[in-house]
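J.: Have a look at this one before I ask anything.
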Amino acid sequence: MEISSAAMASIGSKNPHSAGTHELRGAEILVKALQAENVKYVWGYPGGSVLHIYDAFYKQDTIQHVLVRHEQAAVHAADGYARATGDVGVALVTSGPGVTNAVTGIATAYMDSIPLVVITGQVPTHAIGLDAFQECDTVGITRPIVKHNFLVKDANDLAMTMKKAFHIARSGRPGPVVVDIPKDVSFKKVPYSGYPATVEMRSYNPVRKGHGGQIRKALQLLLSAKRPYIYTGGGVLLSNATQELRTLVDMLGYPVTNTLMGLGAYPASDRKFLGMLGMHGTVEANNTMQNCDVLLAVGARFDDRVIGNPKHFAQNERKIIHIDIDPSSISKRVKVDIPIVGDVKDVLTEMIGMIRETGGKPDSGALSSWWETIEGWRGQKCLNYDLGKGDVIKPQAVIETLWNMTKGTDTYVTSDVGQHQMWAAQYYKFDEPRRWINSGGLGTMGVGIPYAMGIKLAKPESEVFCVTGEGSVQMCIQELSTCLQYNTPIKVLALNNRYLGMVRQWQEIEYSGRYSHSYMDALPNFVKLAEAYGHVGMLIERPQDVEPALREARKLKDRTVFMDFRTDPTENVFPMVQAGKGITEMLLGSEDL
């Protein structure tokens with residue numbers, strides 16, 4: 001059956017996904033569902049159990065399928081697309097190893113609350129549980145790492161299941177939803193009368209509007225603070241509440257910080273922004289967190305990388321207001337005084353309205369004194385670094401150069417996981433939301449290139465840079481082939497220090513320099529490798545060549561460029577809070593080791 005754009009248009013404008021009852025195969029109903037959800041891209045890899053679905057894709061032209069080189073990258077690319085656009089990302093994999101290869105991508109999205117629908121093939125229903133070829137218990141395997149999952153045993157249920165999957169993925173606290181479809185279900189013909197316009201789920205009704213009384217109490221506490229602080233996380237971005245946050249911060253004049261996942265929610269170039277907080281946060285961000293008397297936490301979860309040792313954090317008495325869409329996140333690690341369950345955007349909007357209505361003002365004298373204290377901490381300039389003799393490239397300088405060249409432009413930066421990720425977070429000043437795309441909760445190496453190619457498809461006119469290391473990049477480097485096939489010209493900045501840098505740093509500090517299996521002895525020639533994939537490769541070994549190389553790469557707008565920056569192998573990420581320490585117990589440099 002043809003499901004082309006012309007056929008879609010001929011159905012009619014009132015309800016293009018319902019044209020009376022007629023018979024369709026399960027795979028065709030699936031495609032109809034994706035079209036009804038306005039899905040533009042699906043990242044996937046075919047296999048036996050999804051061949052009927054791929055045949056249905058062949059007969060339509062409204063959704064572009066992107067053939068990745070590994071199922072992990074399919075989910076990562078859909079994830080990167082979702083993070084940059086706010087839309088639900090979609091991936092498609094086959095049964096058995098297709099599913100297990102996708103697990104890392106699903107877990108990555110789950111930990112960072114990213115809306116995905118992952119469609120997985122399954123062996124025919126009659127073969128489930130009989131150890132059939134390429135069978136695995138997809139529902140069982142993915143249950144701990146999804147918001148929800150479905151096994152569709154009847155093609156009649158497929159349309160409603162897809163409606164539920166998208167609704168669950170994007171509403172409340174977002175997350176990945178897996179839809180497992182046996183091969184016979186995708187082949188069977190059943191009556192189809194259209195895609196559901198609405199969905200109601202008795203057991204799932206996330207709260208959006210915060211409790212007015214709680215918001216009023218929170219506002220009274222906030223305005224009476226002597227040492228206030230606003231701490232925000234990825235929830236601000238996920239609810240598209242950056243404008244509301246900026247309005248609130250500017251109205252109050254309070255200091256603000258973002259977590260790693262929240263960077264860009266408040267402009268990093270604004271003086272009220274104290275930098276990222278946590279394990280590799282700034283002195284001013286961490287000290288303010290520890291010494292404030294009223295803390296407003298917005299869409300954040302007080303995780304171990306942010307507050308360090310909870311006992312140390314609890315040493316100083318403070319009142320905590322916590323706004324989150326997920327009630328299970330509130331008082332999970334830190335007891336709070338005023339919980340507000342609701343969508344961040346809605347709650348902040350109501351809070352701003354109350355301030356305007358009441359004309360409430362902060363204590364200006366106390367706030368001025370508090371800012372003097374904060375400026376004293378900021379005066380330590382904890383992100384300053386030693387350029388050395390100028391004979392070796394400092395990784396921080398690469399990031400600063402990139403930021404100076406691209407600030408104010410339409411730019412996205414992805415990263416893998418490790419030292420390079422922290423340097424990018426510290427030295428690239430993100431002023432806009434959804435421009436910094438990285439794996440925070442799971443800390444997944446290999447996401448950088450798939451994230452970047454997913455973003456480049458969504459934002460073809462934007463510049464997309466992937467900051468990576470020579471270790472991380474090799475985990476999904478085969479996706480350079482996908483970049484060529486689908487014309488997604490990204491720029492890869494590999495900060496190559498010949499070590500698994502973050503592992504080496506911990507081994508230097510915690511294990512007396514016993515560098516157990518953290519050195520890369522047999523690295524490929526990345527320039528030749530990039531060229532073998534059909535791209536441009538550059539080797540940059542001198543500090544004076546960093547800026548010219550970046551300028552040249554940016555000029556090559558239609559080419560993927562892999563830049564191999566040979567950086568100082570001894571450089572560490574500072575500030576640093578060691579495991580088990582409090583957030584103010586920071587190592588500020590090698591002199592503290």
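Each chain in the structure tokens gets a letter, A, B and so on, in the order shown; residues start at 1 in every chain, and ligands are counted from 1 in the order they appear.
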Using only C-alpha atoms, find each residue of segment 451-499 of chain A with at least one atom at most 12 Å away from an atom of segment 24-41 of chain A; report its shortest atom-to-atom pair and that distance in Å (one decimal), sort the rows by chain and rising residue number, and return the result as a tab-separated table.
T.:
residue	atom	partner	partner_atom	distance
A:Met453	CA	A:Tyr41	CA	11.8
A:Gly454	CA	A:Tyr41	CA	9.1
A:Ile455	CA	A:Tyr41	CA	11.1
A:Lys456	CA	A:Tyr41	CA	11.8
A:Leu457	CA	A:Tyr41	CA	8.5
A:Ala458	CA	A:Tyr41	CA	8.6
A:Tyr486	CA	A:Tyr41	CA	11.7
J.: Counting only C-alpha atoms, which of A:Asn309, A:Asn258, A:Ser481, A:Asn572 gets nearest to Leu383 of chain A?
T.: A:Asn572
J.: Using only C-alpha atoms, determine which residues lie at most 7 Å from segment 236-243 of chain A, disregarding the query and same-chain residues fewer than 4 positions distant; provide the list as a PyMOL selection string.
T.: chain A and resi 232+247+262+265-266+298-299+343-345+433-434
J.: Keeping only N, CA, C and O atoms, write the selected residues to a file as a PDB file, in the first residue's frame.
T.:
ATOM      1  N   THR A 232      19.547  25.400  39.113  1.00  0.00           N
ATOM      2  CA  THR A 232      18.680  24.858  38.069  1.00  0.00           C
ATOM      3  C   THR A 232      19.346  23.708  37.322  1.00  0.00           C
ATOM      4  O   THR A 232      20.564  23.678  37.157  1.00  0.00           O
ATOM      5  N   THR A 247      13.533  35.599  33.405  1.00  0.00           N
ATOM      6  CA  THR A 247      12.692  36.687  33.922  1.00  0.00           C
ATOM      7  C   THR A 247      12.737  36.722  35.442  1.00  0.00           C
ATOM      8  O   THR A 247      12.901  37.786  36.056  1.00  0.00           O
ATOM      9  N   GLY A 262      21.980  21.508  32.707  1.00  0.00           N
ATOM     10  CA  GLY A 262      21.171  22.713  32.599  1.00  0.00           C
ATOM     11  C   GLY A 262      21.861  23.889  31.939  1.00  0.00           C
ATOM     12  O   GLY A 262      21.280  24.975  31.840  1.00  0.00           O
ATOM     13  N   ALA A 265      20.482  27.410  30.234  1.00  0.00           N
ATOM     14  CA  ALA A 265      19.177  27.856  30.731  1.00  0.00           C
ATOM     15  C   ALA A 265      19.232  29.329  31.123  1.00  0.00           C
ATOM     16  O   ALA A 265      18.278  30.077  30.903  1.00  0.00           O
ATOM     17  N   TYR A 266      20.355  29.737  31.701  1.00  0.00           N
ATOM     18  CA  TYR A 266      20.592  31.159  31.986  1.00  0.00           C
ATOM     19  C   TYR A 266      21.887  31.540  31.287  1.00  0.00           C
ATOM     20  O   TYR A 266      22.845  30.747  31.273  1.00  0.00           O
ATOM     21  N   VAL A 298      15.329  24.194  40.864  1.00  0.00           N
ATOM     22  CA  VAL A 298      14.354  24.167  39.773  1.00  0.00           C
ATOM     23  C   VAL A 298      14.748  23.099  38.752  1.00  0.00           C
ATOM     24  O   VAL A 298      15.771  23.229  38.076  1.00  0.00           O
ATOM     25  N   GLY A 299      13.964  22.041  38.658  1.00  0.00           N
ATOM     26  CA  GLY A 299      14.221  21.000  37.659  1.00  0.00           C
ATOM     27  C   GLY A 299      15.577  20.354  37.812  1.00  0.00           C
ATOM     28  O   GLY A 299      16.229  20.025  36.826  1.00  0.00           O
ATOM     29  N   ASP A 343       4.906  21.320  36.475  1.00  0.00           N
ATOM     30  CA  ASP A 343       5.755  21.658  35.338  1.00  0.00           C
ATOM     31  C   ASP A 343       6.504  22.952  35.649  1.00  0.00           C
ATOM     32  O   ASP A 343       5.899  23.943  36.083  1.00  0.00           O
ATOM     33  N   VAL A 344       7.807  22.941  35.433  1.00  0.00           N
ATOM     34  CA  VAL A 344       8.649  24.089  35.768  1.00  0.00           C
ATOM     35  C   VAL A 344       8.144  25.372  35.118  1.00  0.00           C
ATOM     36  O   VAL A 344       8.081  26.430  35.756  1.00  0.00           O
ATOM     37  N   LYS A 345       7.778  25.282  33.851  1.00  0.00           N
ATOM     38  CA  LYS A 345       7.314  26.475  33.125  1.00  0.00           C
ATOM     39  C   LYS A 345       6.060  27.057  33.777  1.00  0.00           C
ATOM     40  O   LYS A 345       5.967  28.270  34.003  1.00  0.00           O
ATOM     41  N   PRO A 433      19.581  27.973  25.348  1.00  0.00           N
ATOM     42  CA  PRO A 433      19.226  26.600  25.736  1.00  0.00           C
ATOM     43  C   PRO A 433      19.355  25.607  24.588  1.00  0.00           C
ATOM     44  O   PRO A 433      19.324  25.990  23.419  1.00  0.00           O
ATOM     45  N   ARG A 434      19.501  24.335  24.952  1.00  0.00           N
ATOM     46  CA  ARG A 434      19.542  23.210  24.005  1.00  0.00           C
ATOM     47  C   ARG A 434      20.689  23.324  23.003  1.00  0.00           C
ATOM     48  O   ARG A 434      20.617  22.788  21.904  1.00  0.00           O
TER      49      ARG A 434
END
J.: Please provide as number ranges by chain all residues within 8 Å of segment 423-431 of chain A, with the sequence filter that same-chain residues fewer than 2 positions apart are discarded (counting only C-alpha atoms).
T.: A: 260, 263-269, 275-276, 281, 383, 395-396, 399-400, 402-403, 415, 419-421, 433, 435-436, 467, 573
J.: What is the distance between atom CA of Lys319 of chain A and atom CA of Cys292 of chain A, in Å to one decimal?
T.: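 A separation of 8.7 Å between them.
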J.: Quick one: residues within 12 Å of Ala522 of chain A, only C-alpha atoms counted, chain neighbours fewer than 2 positions away excluded, as a list of chain:residue names?
T.: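 Everything that qualifies: A:Glu470, A:Gly471, A:Arg498, A:Tyr499, A:Tyr519, A:Met520, A:Pro524, A:Asn525, A:Phe526.
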J.: Generate a file of the selected residues that holds all heavy atoms, formatted as a tab-separated table (two decimals), in the first residue's frame.
T.:
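What landed in out29.tsv:
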chain	number	residue	atom	x	y	z
A	470	GLU	N	40.28	10.95	22.13
A	470	GLU	CA	40.70	9.83	21.27
A	470	GLU	C	40.17	8.50	21.77
A	470	GLU	O	40.10	7.52	21.03
A	470	GLU	CB	42.22	9.80	21.11
A	470	GLU	CG	43.01	9.20	22.28
A	470	GLU	CD	42.99	10.06	23.53
A	470	GLU	OE1	42.69	11.27	23.44
A	470	GLU	OE2	43.27	9.51	24.61
A	471	GLY	N	39.75	8.44	23.05
A	471	GLY	CA	39.16	7.22	23.58
A	471	GLY	C	37.68	7.13	23.23
A	471	GLY	O	37.22	6.18	22.59
A	498	ARG	N	46.31	11.08	24.30
A	498	ARG	CA	46.86	9.72	24.29
A	498	ARG	C	46.55	8.95	25.58
A	498	ARG	O	47.15	7.92	25.86
A	498	ARG	CB	48.38	9.70	24.03
A	498	ARG	CG	48.77	9.88	22.57
A	498	ARG	CD	48.67	11.32	22.11
A	498	ARG	NE	49.75	12.15	22.63
A	498	ARG	CZ	49.68	13.48	22.73
A	498	ARG	NH1	48.58	14.13	22.38
A	498	ARG	NH2	50.70	14.16	23.20
A	499	TYR	N	45.65	9.44	26.38
A	499	TYR	CA	45.22	8.76	27.60
A	499	TYR	C	43.70	8.72	27.65
A	499	TYR	O	43.02	9.54	27.03
A	499	TYR	CB	45.68	9.53	28.85
A	499	TYR	CG	47.09	9.27	29.29
A	499	TYR	CD1	48.11	10.17	28.98
A	499	TYR	CD2	47.40	8.16	30.07
A	499	TYR	CE1	49.41	9.96	29.41
A	499	TYR	CE2	48.70	7.94	30.51
A	499	TYR	CZ	49.70	8.84	30.18
A	499	TYR	OH	50.99	8.62	30.61
A	519	TYR	N	46.42	4.20	29.20
A	519	TYR	CA	47.23	4.80	28.13
A	519	TYR	C	46.91	4.12	26.81
A	519	TYR	O	46.79	2.90	26.74
A	519	TYR	CB	48.71	4.67	28.44
A	519	TYR	CG	49.61	5.34	27.41
A	519	TYR	CD1	49.72	6.72	27.36
A	519	TYR	CD2	50.31	4.60	26.46
A	519	TYR	CE1	50.51	7.36	26.42
A	519	TYR	CE2	51.10	5.21	25.50
A	519	TYR	CZ	51.20	6.59	25.49
A	519	TYR	OH	51.99	7.21	24.54
A	520	MET	N	46.76	4.92	25.75
A	520	MET	CA	46.48	4.38	24.42
A	520	MET	C	47.78	4.15	23.66
A	520	MET	O	48.44	5.10	23.24
A	520	MET	CB	45.59	5.37	23.65
A	520	MET	CG	44.17	5.46	24.19
A	520	MET	SD	43.20	4.08	23.60
A	520	MET	CE	41.56	4.60	24.09
A	524	PRO	N	44.90	5.00	15.97
A	524	PRO	CA	44.93	5.11	14.51
A	524	PRO	C	45.42	6.48	14.07
A	524	PRO	O	45.45	7.42	14.87
A	524	PRO	CB	43.46	4.92	14.13
A	524	PRO	CG	42.71	5.42	15.31
A	524	PRO	CD	43.53	5.05	16.51
A	525	ASN	N	45.78	6.58	12.83
A	525	ASN	CA	46.04	7.88	12.23
A	525	ASN	C	44.68	8.49	11.88
A	525	ASN	O	44.04	8.12	10.90
A	525	ASN	CB	46.89	7.69	10.96
A	525	ASN	CG	47.25	9.02	10.29
A	525	ASN	OD1	46.44	9.94	10.27
A	525	ASN	ND2	48.44	9.10	9.74
A	526	PHE	N	44.22	9.39	12.74
A	526	PHE	CA	42.86	9.91	12.59
A	526	PHE	C	42.67	10.70	11.30
A	526	PHE	O	41.57	10.73	10.75
A	526	PHE	CB	42.48	10.77	13.80
A	526	PHE	CG	42.20	9.98	15.05
A	526	PHE	CD1	43.04	10.08	16.15
A	526	PHE	CD2	41.10	9.15	15.12
A	526	PHE	CE1	42.78	9.36	17.31
A	526	PHE	CE2	40.83	8.42	16.27
A	526	PHE	CZ	41.67	8.53	17.37
J.: Fewer than 6 positions away in the same chain doesn't count, so skip those; otherwise give me all residues within 9 Å of Leu480 of chain A, counting only C-alpha atoms, as a ChimeraX atom specification.
T.: /A:449-450,453,530,533-535,560
J.: When distances are computed from only C-alpha atoms, which of A:Gln72, A:Thr349, A:Thr257, A:Thr282 shows the smallest separation from Lys381 of chain A?
T.: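 Of A:Gln72, A:Thr349, A:Thr257, A:Thr282, the one nearest Lys381 of chain A, counting only C-alpha atoms, is A:Thr282.
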J.: Let's see if you can do this: from backbone DSSP, list all alpha helix (DSSP H) residues in segment 54-193 of chain A, as a ChimeraX atom specification.
T.: /A:54-58,71-85,97-111,138-142,158-170,183-187
J.: Near segment 323-328 of chain A, counting only C-alpha atoms, which residues have an atom at most 12 Å away, once you skip same-chain residues fewer than 4 positions from it, shown as a PyMOL selection string?
T.: chain A and resi 113+171-175+205-211+214-215+218+230-236+238-239+295-302+332-334+336-348+351
J.: Listing only residues of segment 460-553 of chain A within 9 Å of segment 438-447 of chain A, what is the closest atom pair and its distance in Å (to one decimal) for each, using only C-alpha atoms, sorted by chain and residue number ascending, as a tab-separated table?
T.:
residue	atom	partner	partner_atom	distance
A:Thr468	CA	A:Gly446	CA	8.6
A:Gly471	CA	A:Met445	CA	8.2
A:Ser472	CA	A:Met445	CA	4.9
A:Val473	CA	A:Gly446	CA	5.6
A:Gln474	CA	A:Gly446	CA	7.1
A:Met475	CA	A:Gly446	CA	4.8
A:Cys476	CA	A:Gly446	CA	5.1
A:Ile477	CA	A:Gly446	CA	7.8
J.: Considering only C-alpha atoms, state which residue in the set A:Ile540, A:Ala155, A:Ile307, A:Val139 is at the smallest distance from Lys189 of chain A.
T.: A:Ala155
J.: How many Å lie between atom CA of Asn101 of chain A and atom CA of Lys163 of chain A, rounded to one decimal?
T.: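 So the answer is 25.5 Å.
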J.: Smallest atom-to-atom distance to Ala285 of chain A: which of A:Val392, A:Cys483, A:Ala107, A:Val256, using only C-alpha atoms?
T.: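 Result for the nearest residue to Ala285 of chain A: A:Val256.
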J.: When distances are computed from only C-alpha atoms, which of A:Val75, A:Ala159, A:Ala532, A:Ile352 shows the smallest separation from Leu245 of chain A?
T.: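 Checking each candidate against Leu245 of chain A, we get A:Ile352 as the closest.
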